[in-house]
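> Have a look at this one before I ask anything.
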Amino acid sequence: TEAALTQLSVQPGAVDIAVGQQVQLQAIAQFGDGRSADASGQVRWITSDGSVATLAAGGLLDGVGEGQTQITAQYEAIQS
């Protein structure tokens with residue numbers, strides 16, 4: 001049987017980027033059997049302010065404006 005997904009985390013935990021820069025984020029999935037894996041391509045990436053940063057599939061973060069935003073990785077009902 002496959003272990004259930006129990007938690008997601010985003011790495012790095014905090015970044016500072018300039019407008020026009022990109023940073024690759026990674027979503028780390030934790031499973032009930034203690035394993036962890038890169039889930040960056042399977043999660044939905046969400047930014048709380050799209051005028052500050054946008055996200056491409058796979059977790060590529062683009063700085064598009066000044067300010068602060070929160071980034072979330074989501075898979076089904078589990079969020080980072």
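Going by the structure tokens order, chains are called A, B, ..., each with residues numbered from 1, while ligands are numbered from 1 in the order shown.
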Got a sec to tell me which of chain A DSSP assigns to strand (DSSP E), as a PyMOL selection string?
chain A and resi 5-11+22-24+26-31+36-38+44-47+53-56+60-63+71-75+78-79
> Using only C-alpha atoms, find the one residue out of A:Thr6, A:Thr72, A:Gly67, A:Leu60 that sits nearest to Thr47 in chain A.
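Between A:Thr6, A:Thr72, A:Gly67, A:Leu60, the residue approaching Thr47 in chain A most closely is A:Thr72.
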> Produce a table with one row for each residue of range 48-78 of chain A that has an atom at most 10 Å from any atom of range 12-21 of chain A, each row naming the nearest atom pair and its distance in Å at one decimal; use only C-alpha atoms; arrange rows by chain and rising residue number; format as a tab-separated table.

residue	atom	partner	partner_atom	distance
A:Val52	CA	A:Val19	CA	8.3
A:Ala53	CA	A:Val19	CA	8.6
A:Leu61	CA	A:Gln21	CA	8.3
A:Asp62	CA	A:Gln21	CA	6.0
A:Gly63	CA	A:Val19	CA	4.5
A:Val64	CA	A:Val19	CA	5.0
A:Gly65	CA	A:Val19	CA	5.6
A:Glu66	CA	A:Val19	CA	6.9
A:Gly67	CA	A:Val19	CA	10.0
A:Gln68	CA	A:Asp16	CA	9.1
A:Gln70	CA	A:Ala14	CA	9.3
A:Ile71	CA	A:Ala14	CA	9.4
> One decimal, Å: what's the distance from CA of Gln7 in chain A over to CA of Gln30 in chain A, could you say?
5.1 Å
> Of the candidates A:Ala56, A:Val23, A:Ala73, A:Ile78, which shows the shortest atom-to-atom distance to Ala4 in chain A, using only C-alpha atoms?
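Using only C-alpha atoms, the shortest distance to Ala4 in chain A belongs to A:Ile78.
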> Can you measure CA of Asp33 in chain A to CA of Glu2 in chain A for me? One decimal in Å is fine.
8.9 Å
> Given the choices A:Phe31, A:Thr69, A:Asp49, A:Asp38, which gets closest to Gln11 in chain A if the distance is worked out from only C-alpha atoms?
A:Asp38
> Rounded to one decimal place, report the CA of Ala77 in chain A-CA of Val10 in chain A distance in Å.
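Between these atoms lies a distance of 15.8 Å.
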> Have a look at A:Gln79, A:Ser36, A:Gln24, A:Gln74 and name the one nearest to Gly58 in chain A; count only C-alpha atoms.
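Checking each of A:Gln79, A:Ser36, A:Gln24, A:Gln74 against Gly58 in chain A, counting only C-alpha atoms, the winner is A:Gln24.
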> Have a look at A:Ser40, A:Thr54, A:Ala29, A:Gln22 and name the one nearest to Ser9 in chain A; count only C-alpha atoms.
A:Ala29
